[in-house]
2 protein chains.
Amino acid sequence: MRATRLAVSPLRLPRRRRGADFLEMDPSFEFLEKAGKGAVSFGIGQPDFSPPGEVLEALRTVGAEALKYTPPLGLPELREALAGYLSEKYGVDVKPSEVAVTPGATAAVFASLVLLVRGRARVVVQDPGFPMYDDVARFAGGRVVYAYSGIEESFEWSAESIAGRLGEGGVAVLNFPNNPTGSLAPRGLLEELGGLAARKGFYVVSDEVYEDFVYEGSHESVLQVPELRERSVYVGSFSKTWGLAGLRLGYVVAPRRLVERLEAVAVNVYGSPPSPAQLAALRALDHGLGWFSGVLSEYRRRRDALLEELSKVEGVELYRPRGAFYVYPRVRGLLKRLGVGSSRELAESLLQAGVVVLPGDAYSGRAGREHVRLSYALPVESIREGVRRIRAFVEEAACARRKRGA
Amino acid sequence: MRATRLAVSPLRLPRRRRGADFLEMDPSFEFLEKAGKGAVSFGIGQPDFSPPGEVLEALRTVGAEALKYTPPLGLPELREALAGYLSEKYGVDVKPSEVAVTPGATAAVFASLVLLVRGRARVVVQDPGFPMYDDVARFAGGRVVYAYSGIEESFEWSAESIAGRLGEGGVAVLNFPNNPTGSLAPRGLLEELGGLAARKGFYVVSDEVYEDFVYEGSHESVLQVPELRERSVYVGSFSKTWGLAGLRLGYVVAPRRLVERLEAVAVNVYGSPPSPAQLAALRALDHGLGWFSGVLSEYRRRRDALLEELSKVEGVELYRPRGAFYVYPRVRGLLKRLGVGSSRELAESLLQAGVVVLPGDAYSGRAGREHVRLSYALPVESIREGVRRIRAFVEEAACARRKRGA
């Protein structure tokens, strides 16, 4: 017996990653920090408009009640207002008891995944996709499976690609309009997933924070799919549509039993959402979204300008996004022209040229090295100037390379 | 071999608790909800005063910058202001890079424990203590060990009771002034723990949100113990001292390497702290704490009134709290007089009498059944009226019982 014991290798296995190790910085942060003065930044993830004056005014007229805690799930009047707002918006019946207010959509996604990912459950995330889903799913103990869709498929995901490997207790994280690609959920996808979720017993977390940034086609919400209502968490936010990112206010709609469990998570993770923000949000909902059509046409104009400019750059393949405010082109040809190995290197070089674009590897392990993400939450003139800089840089670098090669 | 296999019992073990199961509602919530109209509530966990007008004014004069995201660790100017404020307050040298702003102290404690509790590390929490430490430590995978101190020991903890069972990678959660007991860290405790932490390799998370509510003796911070600076996370808040609970703003001071890791946790858990609150907090720090002495003498008056009134109730044993704003008496004799099995039953009965006190089992598994917690964050007249109701109820119930017994 002794000999057997001694035979066990004394070598230590590499330290296993656990829990908090999976919570990493979005790799795009470093690029935003590196941007020099005067740089045109396509790295921005928040809208640049202000909401109607009344909303800022609401924030400015809060009384002493803004200094007190609200309940962990938010002010009852705000939960009620959100239930009404979403019921009308999507033609469905959302009850206040199914709504929880959270300090931003990030906290909503975090809390939802922590609740739904049980043990070593499978969690399907989209590739390309926003990096936090992956990180938080692993943090919660889940085994992450990527559902890949490339530019050749117009970043369209099939129900099979998402639900194929999910069974009882699995979780699918959806994000439409999608960051970084700007694609929408293909017609029928959610219905199909609803049927599969009911049959196979998995859950859906649907991050719909870009729901109002839709330029062509239309956005469908999990709220509209009866079979998903019992098996999904809808996540919305005041950050994008309302231009209120700094207030940190998001919300979920989920089956009541989940909302009740979410209350316990809230108490232990953040206590309650901020009060001044909730009071301002109440006024925002009261004011309504009539003013948003102006923002939308401006953002459409920006998208079109960015696509137009980028189409002039040789070696850039474009998918025309239908929602959100990002373009996620493939730059394979460009990398080849420049003799550059990855989009990260390209992005690094472009920093020198006074332009910030984000390397695609933050959003996709599979094809991210050949993609970059550009946000168009900036004025049309800046967009044109930025791409002009990219072109000038690229042409010069390509020439220099040809010369060296000759 | 086959027989052996079949011999294994087909019975399933009870489902193991995991992750999110440990995040539970603070059991005191239900009591707060049950309180009828006109009840005197000793259940309140937030101060009832407003901060100086300038602070509310700061909140009311925020500009459009309040609508934008701040960095995940908070506004650089606020981190700098906090570093200066704490350096002066404790006569130490805190650098802005060691400060992180969080959406409330809850998020600060959550993020700290998630970072520090590695694998199945031991986590020592005080008993009695605030329930979230226990829950979050288990959520993070830790094995919780209770360091008990009873009313006989004046709720004083020895270094041995806290660090005795901690080794490399362990974590001790401290909370002084203590909720629910109101005791302070005994002189020398922190220094001793500092030496032990350095030698044995454990960490300390020190929740000091009641640091300014000290009526006798003085509060010592982990910030003041050089050996703890490298091995501790200090947690402070604008909720209690500044009466700004609704803003959701806390902060940590930790070694820089931990602050850097905390940034990644922030990005995935809540994004960033709310902007309007940070702008108001900057103004609050600028205004300073001169005004607080008035609050402190009022709270001392309240404590004294509550102790005076409670001392008239037969069967109540009092520890005279030196900090925070809670009294945590032992009610063993009272339970006996009333023939009631636990403080929870007592608290339930008192609801009928129009008084909310919280059952001690929320704060202690060991002796909580014999304790209740009363907050004195309410006017002296309400305090006297509340205890008068308790006495009237108790005397009547005791009489009725004697009669039945006779």
# chains A, B, ... in the order shown; residues from 1 in each chain; ligands from 1
>>> residues_around(residues="segment 47-52 of chain A", least_positions_apart="5", cutoff="8 Å", atoms="only C-alpha atoms", output="short mmCIF file (atom, residue, chain, number, x, y, z; two decimals) with N, CA and C atoms, in the first residue's frame")
data_model
loop_
_atom_site.label_atom_id
_atom_site.label_comp_id
_atom_site.auth_asym_id
_atom_site.auth_seq_id
_atom_site.Cartn_x
_atom_site.Cartn_y
_atom_site.Cartn_z
N LYS A 240 -29.53 52.79 -22.36
CA LYS A 240 -29.36 53.03 -23.79
C LYS A 240 -30.48 53.91 -24.34
N TRP A 242 -32.82 55.63 -22.97
CA TRP A 242 -33.09 56.90 -22.31
C TRP A 242 -31.84 57.75 -22.13
N GLY A 243 -30.70 57.23 -22.56
CA GLY A 243 -29.46 57.98 -22.36
C GLY A 243 -29.15 58.23 -20.90
N LEU A 244 -29.52 57.28 -20.04
CA LEU A 244 -29.37 57.46 -18.59
C LEU A 244 -28.39 56.47 -17.96
N TRP A 291 -40.31 61.21 -28.07
CA TRP A 291 -39.13 61.95 -28.52
C TRP A 291 -38.08 61.05 -29.16
N VAL A 295 -34.03 60.54 -32.20
CA VAL A 295 -32.76 59.88 -31.91
C VAL A 295 -32.54 58.75 -32.91
N ALA A 377 -22.05 55.69 -31.92
CA ALA A 377 -22.69 56.65 -31.02
C ALA A 377 -21.88 57.95 -31.00
N LEU A 378 -21.62 58.47 -32.20
CA LEU A 378 -20.91 59.76 -32.29
C LEU A 378 -21.35 60.48 -33.57
N ALA B 64 -25.66 67.33 -16.88
CA ALA B 64 -25.84 66.18 -17.76
C ALA B 64 -24.76 65.12 -17.54
N LEU B 67 -25.55 61.76 -16.07
CA LEU B 67 -26.27 60.74 -16.85
C LEU B 67 -25.31 59.75 -17.50
#
>>> calpha_fit_and_write(fixed="chain B", moving="chain A", output="short mmCIF file (atom, residue, chain, number, x, y, z; two decimals) with C-alpha atoms, in the first residue's frame")
data_model
loop_
_atom_site.label_atom_id
_atom_site.label_comp_id
_atom_site.auth_asym_id
_atom_site.auth_seq_id
_atom_site.Cartn_x
_atom_site.Cartn_y
_atom_site.Cartn_z
CA MET A 1 -18.49 -6.46 -10.41
CA ARG A 2 -22.07 -6.19 -11.44
CA ALA A 3 -23.36 -7.24 -8.05
CA THR A 4 -21.24 -4.59 -6.39
CA ARG A 5 -22.72 -1.97 -8.58
CA LEU A 6 -26.24 -3.05 -7.86
CA ALA A 7 -25.47 -2.99 -4.16
CA VAL A 8 -25.06 0.76 -4.32
CA SER A 9 -28.08 2.27 -2.66
CA PRO A 10 -30.54 3.73 -5.14
CA LEU A 11 -31.56 6.28 -2.54
CA ARG A 12 -30.79 9.83 -3.45
CA LEU A 13 -29.06 12.04 -0.98
CA PRO A 14 -31.01 15.15 -0.05
CA ARG A 15 -30.22 17.82 -2.63
CA ARG A 16 -27.10 19.67 -1.62
CA ARG A 17 -27.42 23.38 -1.12
CA ARG A 18 -25.28 25.30 -3.51
CA GLY A 19 -24.38 28.78 -4.62
CA ALA A 20 -27.42 30.97 -4.74
CA ASP A 21 -29.27 28.83 -2.15
CA PHE A 22 -27.14 30.49 0.48
CA LEU A 23 -28.29 33.95 -0.47
CA GLU A 24 -31.32 34.35 1.73
CA MET A 25 -33.52 37.20 2.79
CA ASP A 26 -32.49 38.75 6.06
CA PRO A 27 -35.22 37.19 8.24
CA SER A 28 -35.96 40.60 9.71
CA PHE A 29 -37.57 41.76 6.45
CA GLU A 30 -40.76 39.84 7.13
CA PHE A 31 -41.20 41.63 10.43
CA LEU A 32 -40.81 45.03 8.90
CA GLU A 33 -43.48 44.06 6.39
CA LYS A 34 -45.86 42.78 9.02
CA ALA A 35 -45.85 46.01 11.02
CA GLY A 36 -49.31 47.53 11.18
CA LYS A 37 -50.09 51.20 10.73
CA GLY A 38 -49.19 53.29 13.74
CA ALA A 39 -46.70 50.72 14.98
CA VAL A 40 -43.56 51.97 16.70
CA SER A 41 -40.78 50.32 14.72
CA PHE A 42 -37.49 49.46 16.40
CA GLY A 43 -36.75 47.45 13.27
CA ILE A 44 -35.29 50.25 11.18
CA GLY A 45 -31.72 49.90 9.95
CA GLN A 46 -31.22 53.37 8.54
CA PRO A 47 -30.78 56.75 10.24
CA ASP A 48 -33.75 59.12 10.20
CA PHE A 49 -31.89 62.41 9.77
CA SER A 50 -31.18 64.25 6.55
CA PRO A 51 -27.67 65.33 5.62
CA PRO A 52 -26.84 69.05 5.35
CA GLY A 53 -28.96 70.86 2.78
CA GLU A 54 -25.88 71.31 0.58
CA VAL A 55 -25.72 67.58 -0.07
CA LEU A 56 -29.31 67.27 -1.24
CA GLU A 57 -28.66 70.47 -3.17
CA ALA A 58 -25.67 68.81 -4.84
CA LEU A 59 -27.93 66.00 -5.96
CA ARG A 60 -30.38 68.55 -7.30
CA THR A 61 -27.84 70.48 -9.34
CA VAL A 62 -26.20 67.65 -11.22
CA GLY A 63 -25.64 68.26 -14.91
CA ALA A 64 -25.87 65.94 -17.89
CA GLU A 65 -22.60 64.28 -16.80
CA ALA A 66 -24.66 62.53 -14.14
CA LEU A 67 -26.29 60.51 -16.91
CA LYS A 68 -23.06 58.93 -18.16
CA TYR A 69 -21.23 55.86 -16.92
CA THR A 70 -18.32 56.44 -14.60
CA PRO A 71 -15.34 54.08 -14.52
CA PRO A 72 -16.13 50.76 -12.75
CA LEU A 73 -14.12 51.79 -9.68
CA GLY A 74 -15.80 55.20 -9.51
CA LEU A 75 -14.96 58.76 -10.52
CA PRO A 76 -11.21 59.37 -10.15
CA GLU A 77 -11.94 62.65 -8.33
CA LEU A 78 -14.12 60.81 -5.79
CA ARG A 79 -11.49 58.12 -5.22
CA GLU A 80 -9.00 60.91 -4.63
CA ALA A 81 -11.34 62.79 -2.30
CA LEU A 82 -12.03 59.61 -0.32
CA ALA A 83 -8.32 58.87 -0.04
CA GLY A 84 -7.78 62.35 1.38
CA TYR A 85 -10.78 62.14 3.69
CA LEU A 86 -9.77 58.79 5.17
CA SER A 87 -6.11 59.72 5.42
CA GLU A 88 -7.04 62.72 7.52
CA LYS A 89 -9.71 60.94 9.54
CA TYR A 90 -7.44 58.08 10.61
CA GLY A 91 -4.06 59.79 10.39
CA VAL A 92 -2.82 57.36 7.78
CA ASP A 93 -1.76 57.41 4.15
CA VAL A 94 -4.45 56.10 1.83
CA LYS A 95 -3.73 56.38 -1.90
CA PRO A 96 -6.47 56.90 -4.52
CA SER A 97 -5.33 53.69 -6.23
CA GLU A 98 -6.23 51.82 -3.02
CA VAL A 99 -9.81 53.15 -3.07
CA ALA A 100 -12.78 51.76 -4.97
CA VAL A 101 -16.27 53.24 -4.97
CA THR A 102 -19.11 50.68 -4.91
CA PRO A 103 -22.91 50.81 -5.16
CA GLY A 104 -23.34 50.60 -1.39
CA ALA A 105 -21.41 48.76 1.31
CA THR A 106 -23.36 45.58 0.55
CA ALA A 107 -21.78 45.40 -2.90
CA ALA A 108 -18.41 46.18 -1.31
CA VAL A 109 -18.69 43.27 1.13
CA PHE A 110 -20.04 40.98 -1.59
CA ALA A 111 -17.24 41.80 -4.02
CA SER A 112 -14.57 41.53 -1.31
CA LEU A 113 -15.70 38.11 -0.14
CA VAL A 114 -16.10 36.80 -3.66
CA LEU A 115 -12.51 37.87 -4.32
CA LEU A 116 -10.93 36.69 -1.09
CA VAL A 117 -12.74 33.41 -0.39
CA ARG A 118 -10.81 30.90 -2.48
CA GLY A 119 -12.09 27.37 -2.84
CA ARG A 120 -13.30 25.93 0.44
CA ALA A 121 -11.47 28.49 2.56
CA ARG A 122 -12.48 29.05 6.16
CA VAL A 123 -14.36 32.24 6.84
CA VAL A 124 -14.80 33.40 10.41
CA VAL A 125 -17.83 35.55 11.10
CA GLN A 126 -18.90 37.06 14.39
CA ASP A 127 -21.86 35.62 16.25
CA PRO A 128 -23.92 37.69 16.86
CA GLY A 129 -23.47 39.36 13.50
CA PHE A 130 -25.14 40.74 10.41
CA PRO A 131 -26.52 37.80 8.40
CA MET A 132 -25.17 38.68 4.95
CA TYR A 133 -21.53 37.87 5.81
CA ASP A 134 -22.46 34.29 6.51
CA ASP A 135 -24.62 33.96 3.40
CA VAL A 136 -22.13 35.51 1.01
CA ALA A 137 -19.19 33.56 2.46
CA ARG A 138 -21.07 30.29 1.81
CA PHE A 139 -22.16 31.50 -1.60
CA ALA A 140 -18.49 32.10 -2.42
CA GLY A 141 -17.76 28.49 -1.42
CA GLY A 142 -16.30 29.13 2.02
CA ARG A 143 -16.73 27.06 5.17
CA VAL A 144 -18.13 29.39 7.78
CA VAL A 145 -16.90 29.25 11.35
CA TYR A 146 -18.63 31.30 14.04
CA ALA A 147 -16.70 33.30 16.57
CA TYR A 148 -19.17 33.55 19.42
CA SER A 149 -19.27 36.17 22.12
CA GLY A 150 -22.22 36.48 24.46
CA ILE A 151 -23.66 39.21 26.63
CA GLU A 152 -21.64 37.81 29.59
CA GLU A 153 -18.47 38.73 27.72
CA SER A 154 -19.93 42.16 26.87
CA PHE A 155 -19.83 41.07 23.23
CA GLU A 156 -16.06 41.38 23.23
CA TRP A 157 -14.16 39.17 20.84
CA SER A 158 -10.64 37.97 21.50
CA ALA A 159 -8.07 37.63 18.73
CA GLU A 160 -7.93 33.92 19.55
CA SER A 161 -11.68 33.49 19.04
CA ILE A 162 -11.41 35.06 15.60
CA ALA A 163 -8.05 33.89 14.31
CA GLY A 164 -7.67 30.63 16.22
CA ARG A 165 -9.03 28.50 13.43
CA LEU A 166 -7.77 30.56 10.51
CA GLY A 167 -4.78 29.65 8.40
CA GLU A 168 -3.36 30.52 4.99
CA GLY A 169 -6.11 31.78 2.71
CA GLY A 170 -8.69 32.13 5.44
CA VAL A 171 -10.82 35.22 5.84
CA ALA A 172 -12.16 36.96 8.96
CA VAL A 173 -15.12 39.28 8.63
CA LEU A 174 -15.15 42.00 11.29
CA ASN A 175 -17.93 44.45 12.03
CA PHE A 176 -17.20 47.17 14.59
CA PRO A 177 -19.12 49.12 15.81
CA ASN A 178 -21.07 45.90 15.74
CA ASN A 179 -24.52 45.28 14.39
CA PRO A 180 -26.55 44.08 16.35
CA THR A 181 -24.71 44.43 19.67
CA GLY A 182 -23.23 47.93 19.50
CA SER A 183 -19.91 46.76 20.92
CA LEU A 184 -16.58 48.17 19.74
CA ALA A 185 -13.38 46.33 18.95
CA PRO A 186 -11.58 45.85 22.29
CA ARG A 187 -8.38 47.85 22.54
CA GLY A 188 -5.50 45.93 21.01
CA LEU A 189 -7.67 43.44 19.11
CA LEU A 190 -6.85 44.79 15.67
CA GLU A 191 -3.10 44.99 16.36
CA GLU A 192 -3.13 41.42 17.57
CA LEU A 193 -5.09 40.29 14.52
CA GLY A 194 -2.65 42.19 12.33
CA GLY A 195 0.26 40.20 13.68
CA LEU A 196 -1.64 36.93 13.33
CA ALA A 197 -2.84 37.73 9.81
CA ALA A 198 0.71 38.43 8.66
CA ARG A 199 2.03 35.28 10.30
CA LYS A 200 -0.77 32.91 9.40
CA GLY A 201 -1.67 34.37 6.02
CA PHE A 202 -5.34 35.16 6.38
CA TYR A 203 -7.31 38.21 5.25
CA VAL A 204 -9.67 40.55 7.08
CA VAL A 205 -12.78 42.20 5.66
CA SER A 206 -13.74 44.99 8.02
CA ASP A 207 -17.22 46.43 7.68
CA GLU A 208 -16.97 49.81 9.41
CA VAL A 209 -20.15 51.47 8.20
CA TYR A 210 -21.07 52.53 11.77
CA GLU A 211 -17.62 54.05 12.40
CA ASP A 212 -19.01 57.50 13.23
CA PHE A 213 -21.73 56.31 15.61
CA VAL A 214 -19.55 55.99 18.70
CA TYR A 215 -20.82 57.25 22.08
CA GLU A 216 -18.14 56.02 24.45
CA GLY A 217 -14.60 54.90 23.86
CA SER A 218 -13.30 55.19 20.33
CA HIS A 219 -13.45 53.31 17.10
CA GLU A 220 -10.28 51.88 15.70
CA SER A 221 -10.09 51.15 11.98
CA VAL A 222 -8.15 48.44 10.20
CA LEU A 223 -6.69 51.34 8.26
CA GLN A 224 -4.74 52.31 11.37
CA VAL A 225 -3.01 48.97 11.77
CA PRO A 226 0.05 48.82 9.50
CA GLU A 227 0.18 45.02 9.48
CA LEU A 228 -3.44 44.85 8.38
CA ARG A 229 -3.12 47.31 5.53
CA GLU A 230 -1.66 44.61 3.28
CA ARG A 231 -4.12 41.97 4.37
CA SER A 232 -7.45 43.71 4.77
CA VAL A 233 -10.34 45.34 3.02
CA TYR A 234 -11.87 48.31 4.83
CA VAL A 235 -15.53 48.95 3.94
CA GLY A 236 -17.17 52.35 4.47
CA SER A 237 -20.44 53.88 3.34
CA PHE A 238 -22.37 57.08 2.78
CA SER A 239 -25.55 55.38 4.00
CA LYS A 240 -25.27 55.70 7.77
CA THR A 241 -23.06 58.67 8.64
CA TRP A 242 -24.38 60.86 5.85
CA GLY A 243 -27.98 59.67 5.93
CA LEU A 244 -27.67 58.86 2.21
CA ALA A 245 -28.78 55.24 2.15
CA GLY A 246 -30.91 55.71 -0.96
CA LEU A 247 -27.94 56.87 -3.03
CA ARG A 248 -26.29 53.44 -2.75
CA LEU A 249 -22.71 54.46 -2.28
CA GLY A 250 -20.02 52.63 -0.41
CA TYR A 251 -16.28 52.31 -0.75
CA VAL A 252 -13.39 50.06 0.06
CA VAL A 253 -9.75 50.61 0.85
CA ALA A 254 -7.61 47.61 -0.05
CA PRO A 255 -4.14 46.78 -1.33
CA ARG A 256 -3.81 47.93 -4.90
CA ARG A 257 -3.60 44.41 -6.31
CA LEU A 258 -6.99 43.66 -4.78
CA VAL A 259 -8.52 46.90 -6.04
CA GLU A 260 -7.41 45.92 -9.53
CA ARG A 261 -9.12 42.53 -9.20
CA LEU A 262 -12.16 44.26 -7.77
CA GLU A 263 -12.48 46.24 -10.97
CA ALA A 264 -13.12 43.02 -12.89
CA VAL A 265 -15.70 41.95 -10.34
CA ALA A 266 -17.41 45.34 -10.63
CA VAL A 267 -17.60 45.09 -14.41
CA ASN A 268 -19.40 41.76 -14.19
CA VAL A 269 -21.59 42.31 -11.14
CA TYR A 270 -22.87 45.88 -11.36
CA GLY A 271 -20.93 47.73 -14.04
CA SER A 272 -20.17 50.90 -12.11
CA PRO A 273 -21.55 52.88 -9.14
CA PRO A 274 -24.34 55.38 -9.88
CA SER A 275 -23.13 58.74 -11.20
CA PRO A 276 -25.52 61.23 -9.52
CA ALA A 277 -24.67 59.69 -6.15
CA GLN A 278 -20.96 60.06 -6.80
CA LEU A 279 -21.32 63.72 -7.72
CA ALA A 280 -23.35 64.36 -4.57
CA ALA A 281 -20.80 62.43 -2.48
CA LEU A 282 -18.01 64.64 -3.77
CA ARG A 283 -19.89 67.66 -2.46
CA ALA A 284 -20.59 65.89 0.82
CA LEU A 285 -16.89 65.22 1.41
CA ASP A 286 -16.11 68.78 0.50
CA HIS A 287 -18.65 69.94 3.07
CA GLY A 288 -17.11 67.78 5.78
CA LEU A 289 -18.51 66.16 8.90
CA GLY A 290 -18.66 69.18 11.23
CA TRP A 291 -22.46 68.97 11.41
CA PHE A 292 -22.40 65.35 12.58
CA SER A 293 -21.71 66.09 16.26
CA GLY A 294 -25.33 67.26 16.57
CA VAL A 295 -26.58 63.95 15.16
CA LEU A 296 -24.29 62.05 17.48
CA SER A 297 -25.55 63.71 20.66
CA GLU A 298 -29.13 63.15 19.57
CA TYR A 299 -28.40 59.47 18.95
CA ARG A 300 -26.68 59.22 22.35
CA ARG A 301 -29.80 60.71 23.94
CA ARG A 302 -31.89 58.11 22.13
CA ARG A 303 -29.69 55.26 23.24
CA ASP A 304 -29.87 56.44 26.83
CA ALA A 305 -33.65 56.79 26.66
CA LEU A 306 -34.03 53.31 25.23
CA LEU A 307 -31.73 51.79 27.85
CA GLU A 308 -33.55 53.65 30.62
CA GLU A 309 -36.95 52.44 29.46
CA LEU A 310 -35.86 48.88 28.83
CA SER A 311 -34.26 48.65 32.27
CA LYS A 312 -37.77 48.99 33.71
CA VAL A 313 -38.92 45.81 31.97
CA GLU A 314 -38.45 42.80 34.22
CA GLY A 315 -36.61 39.96 32.58
CA VAL A 316 -34.58 42.06 30.16
CA GLU A 317 -30.76 41.97 30.48
CA LEU A 318 -28.97 44.90 28.91
CA TYR A 319 -25.53 45.43 27.44
CA ARG A 320 -24.87 49.14 27.12
CA PRO A 321 -23.85 49.61 23.48
CA ARG A 322 -20.98 51.96 22.78
CA GLY A 323 -21.59 52.38 19.07
CA ALA A 324 -23.95 51.87 16.09
CA PHE A 325 -27.65 52.44 16.83
CA TYR A 326 -28.92 49.13 18.11
CA VAL A 327 -29.59 47.55 21.48
CA TYR A 328 -29.43 43.77 21.66
CA PRO A 329 -30.82 42.73 25.04
CA ARG A 330 -31.17 39.20 26.31
CA VAL A 331 -34.82 38.51 27.08
CA ARG A 332 -34.45 35.07 28.65
CA GLY A 333 -36.25 36.11 31.82
CA LEU A 334 -39.01 37.74 29.86
CA LEU A 335 -39.60 34.64 27.77
CA LYS A 336 -39.84 32.63 30.98
CA ARG A 337 -42.29 35.05 32.53
CA LEU A 338 -44.48 34.88 29.47
CA GLY A 339 -44.05 31.17 28.86
CA VAL A 340 -42.84 31.90 25.37
CA GLY A 341 -40.31 29.65 23.65
CA SER A 342 -38.25 32.08 21.62
CA SER A 343 -37.63 35.71 20.88
CA ARG A 344 -39.28 35.14 17.50
CA GLU A 345 -42.54 34.25 19.19
CA LEU A 346 -42.11 37.26 21.45
CA ALA A 347 -41.53 39.53 18.47
CA GLU A 348 -44.59 38.07 16.75
CA SER A 349 -46.71 38.83 19.82
CA LEU A 350 -45.35 42.34 20.13
CA LEU A 351 -46.50 43.06 16.57
CA GLN A 352 -50.05 42.75 17.97
CA ALA A 353 -49.13 45.35 20.57
CA GLY A 354 -48.05 47.79 17.85
CA VAL A 355 -44.28 47.44 18.33
CA VAL A 356 -41.69 46.03 15.96
CA VAL A 357 -38.59 44.46 17.47
CA LEU A 358 -36.49 42.00 15.49
CA PRO A 359 -35.97 38.45 16.71
CA GLY A 360 -32.35 37.76 17.55
CA ASP A 361 -32.19 34.53 15.54
CA ALA A 362 -31.49 36.63 12.46
CA TYR A 363 -28.16 37.59 14.07
CA SER A 364 -27.11 34.54 16.02
CA GLY A 365 -27.62 30.82 15.63
CA ARG A 366 -26.33 30.21 19.13
CA ALA A 367 -28.11 32.61 21.46
CA GLY A 368 -30.38 34.50 19.10
CA ARG A 369 -33.49 32.78 20.44
CA GLU A 370 -32.94 34.66 23.69
CA HIS A 371 -32.22 38.08 22.19
CA VAL A 372 -34.06 40.79 20.31
CA ARG A 373 -32.64 43.72 18.36
CA LEU A 374 -34.01 47.23 18.76
CA SER A 375 -32.86 50.09 16.55
CA TYR A 376 -32.97 53.55 18.12
CA ALA A 377 -32.97 55.48 14.87
CA LEU A 378 -36.24 57.12 15.93
CA PRO A 379 -37.25 60.10 18.10
CA VAL A 380 -37.00 59.85 21.88
CA GLU A 381 -40.79 60.19 22.30
CA SER A 382 -41.36 57.25 19.95
CA ILE A 383 -38.74 55.25 21.80
CA ARG A 384 -40.46 55.87 25.15
CA GLU A 385 -43.88 55.17 23.69
CA GLY A 386 -42.66 51.94 22.09
CA VAL A 387 -41.17 50.55 25.28
CA ARG A 388 -44.26 51.64 27.17
CA ARG A 389 -46.28 49.46 24.82
CA ILE A 390 -43.89 46.58 25.36
CA ARG A 391 -44.23 46.92 29.15
CA ALA A 392 -48.00 47.15 29.04
CA PHE A 393 -48.18 44.10 26.82
CA VAL A 394 -45.75 42.12 28.95
CA GLU A 395 -47.39 42.96 32.26
CA GLU A 396 -50.81 42.04 30.98
CA ALA A 397 -49.63 38.79 29.44
CA ALA A 398 -47.72 37.83 32.58
CA CYS A 399 -50.80 38.50 34.72
CA ALA A 400 -53.04 36.48 32.44
CA ARG A 401 -50.55 33.66 32.67
CA ARG A 402 -50.39 33.80 36.48
CA LYS A 403 -54.18 33.67 36.59
CA ARG A 404 -54.34 30.68 34.30
CA GLY A 405 -51.64 28.98 36.34
CA ALA A 406 -53.49 29.67 39.65
#
>>> select_by_dssp(residues="segment 35-123 of chain B", states="strand (DSSP E)", output="ChimeraX atom specification")
/B:40-41,99-102,122-123
>>> write_last_selection(atoms="N, CA and C atoms", output="mmCIF file, in the first residue's frame")
data_model
loop_
_atom_site.group_PDB
_atom_site.id
_atom_site.type_symbol
_atom_site.label_atom_id
_atom_site.label_comp_id
_atom_site.auth_asym_id
_atom_site.auth_seq_id
_atom_site.Cartn_x
_atom_site.Cartn_y
_atom_site.Cartn_z
ATOM 1 N N VAL B 40 -44.822 51.338 16.390
ATOM 2 C CA VAL B 40 -43.519 51.923 16.666
ATOM 3 C C VAL B 40 -42.500 50.891 16.205
ATOM 4 N N SER B 41 -41.659 51.285 15.246
ATOM 5 C CA SER B 41 -40.748 50.292 14.694
ATOM 6 C C SER B 41 -39.321 50.476 15.199
ATOM 7 N N VAL B 99 -8.386 52.988 -3.320
ATOM 8 C CA VAL B 99 -9.807 53.241 -3.038
ATOM 9 C C VAL B 99 -10.665 52.796 -4.213
ATOM 10 N N ALA B 100 -11.782 52.165 -3.924
ATOM 11 C CA ALA B 100 -12.778 51.869 -4.951
ATOM 12 C C ALA B 100 -14.139 52.294 -4.438
ATOM 13 N N VAL B 101 -14.913 52.941 -5.286
ATOM 14 C CA VAL B 101 -16.275 53.337 -4.940
ATOM 15 C C VAL B 101 -17.214 52.227 -5.417
ATOM 16 N N THR B 102 -18.178 51.892 -4.586
ATOM 17 C CA THR B 102 -19.099 50.798 -4.920
ATOM 18 C C THR B 102 -20.546 51.250 -4.735
ATOM 19 N N ARG B 122 -11.742 28.765 4.766
ATOM 20 C CA ARG B 122 -12.488 29.058 5.981
ATOM 21 C C ARG B 122 -12.776 30.545 6.073
ATOM 22 N N VAL B 123 -14.002 30.852 6.472
ATOM 23 C CA VAL B 123 -14.386 32.246 6.676
ATOM 24 C C VAL B 123 -14.957 32.366 8.088
#
>>> select_by_dssp(residues="segment 113-219 of chain A", states="alpha helix (DSSP H)", output="ChimeraX atom specification")
/A:113-116,131-139,159-163,189-200
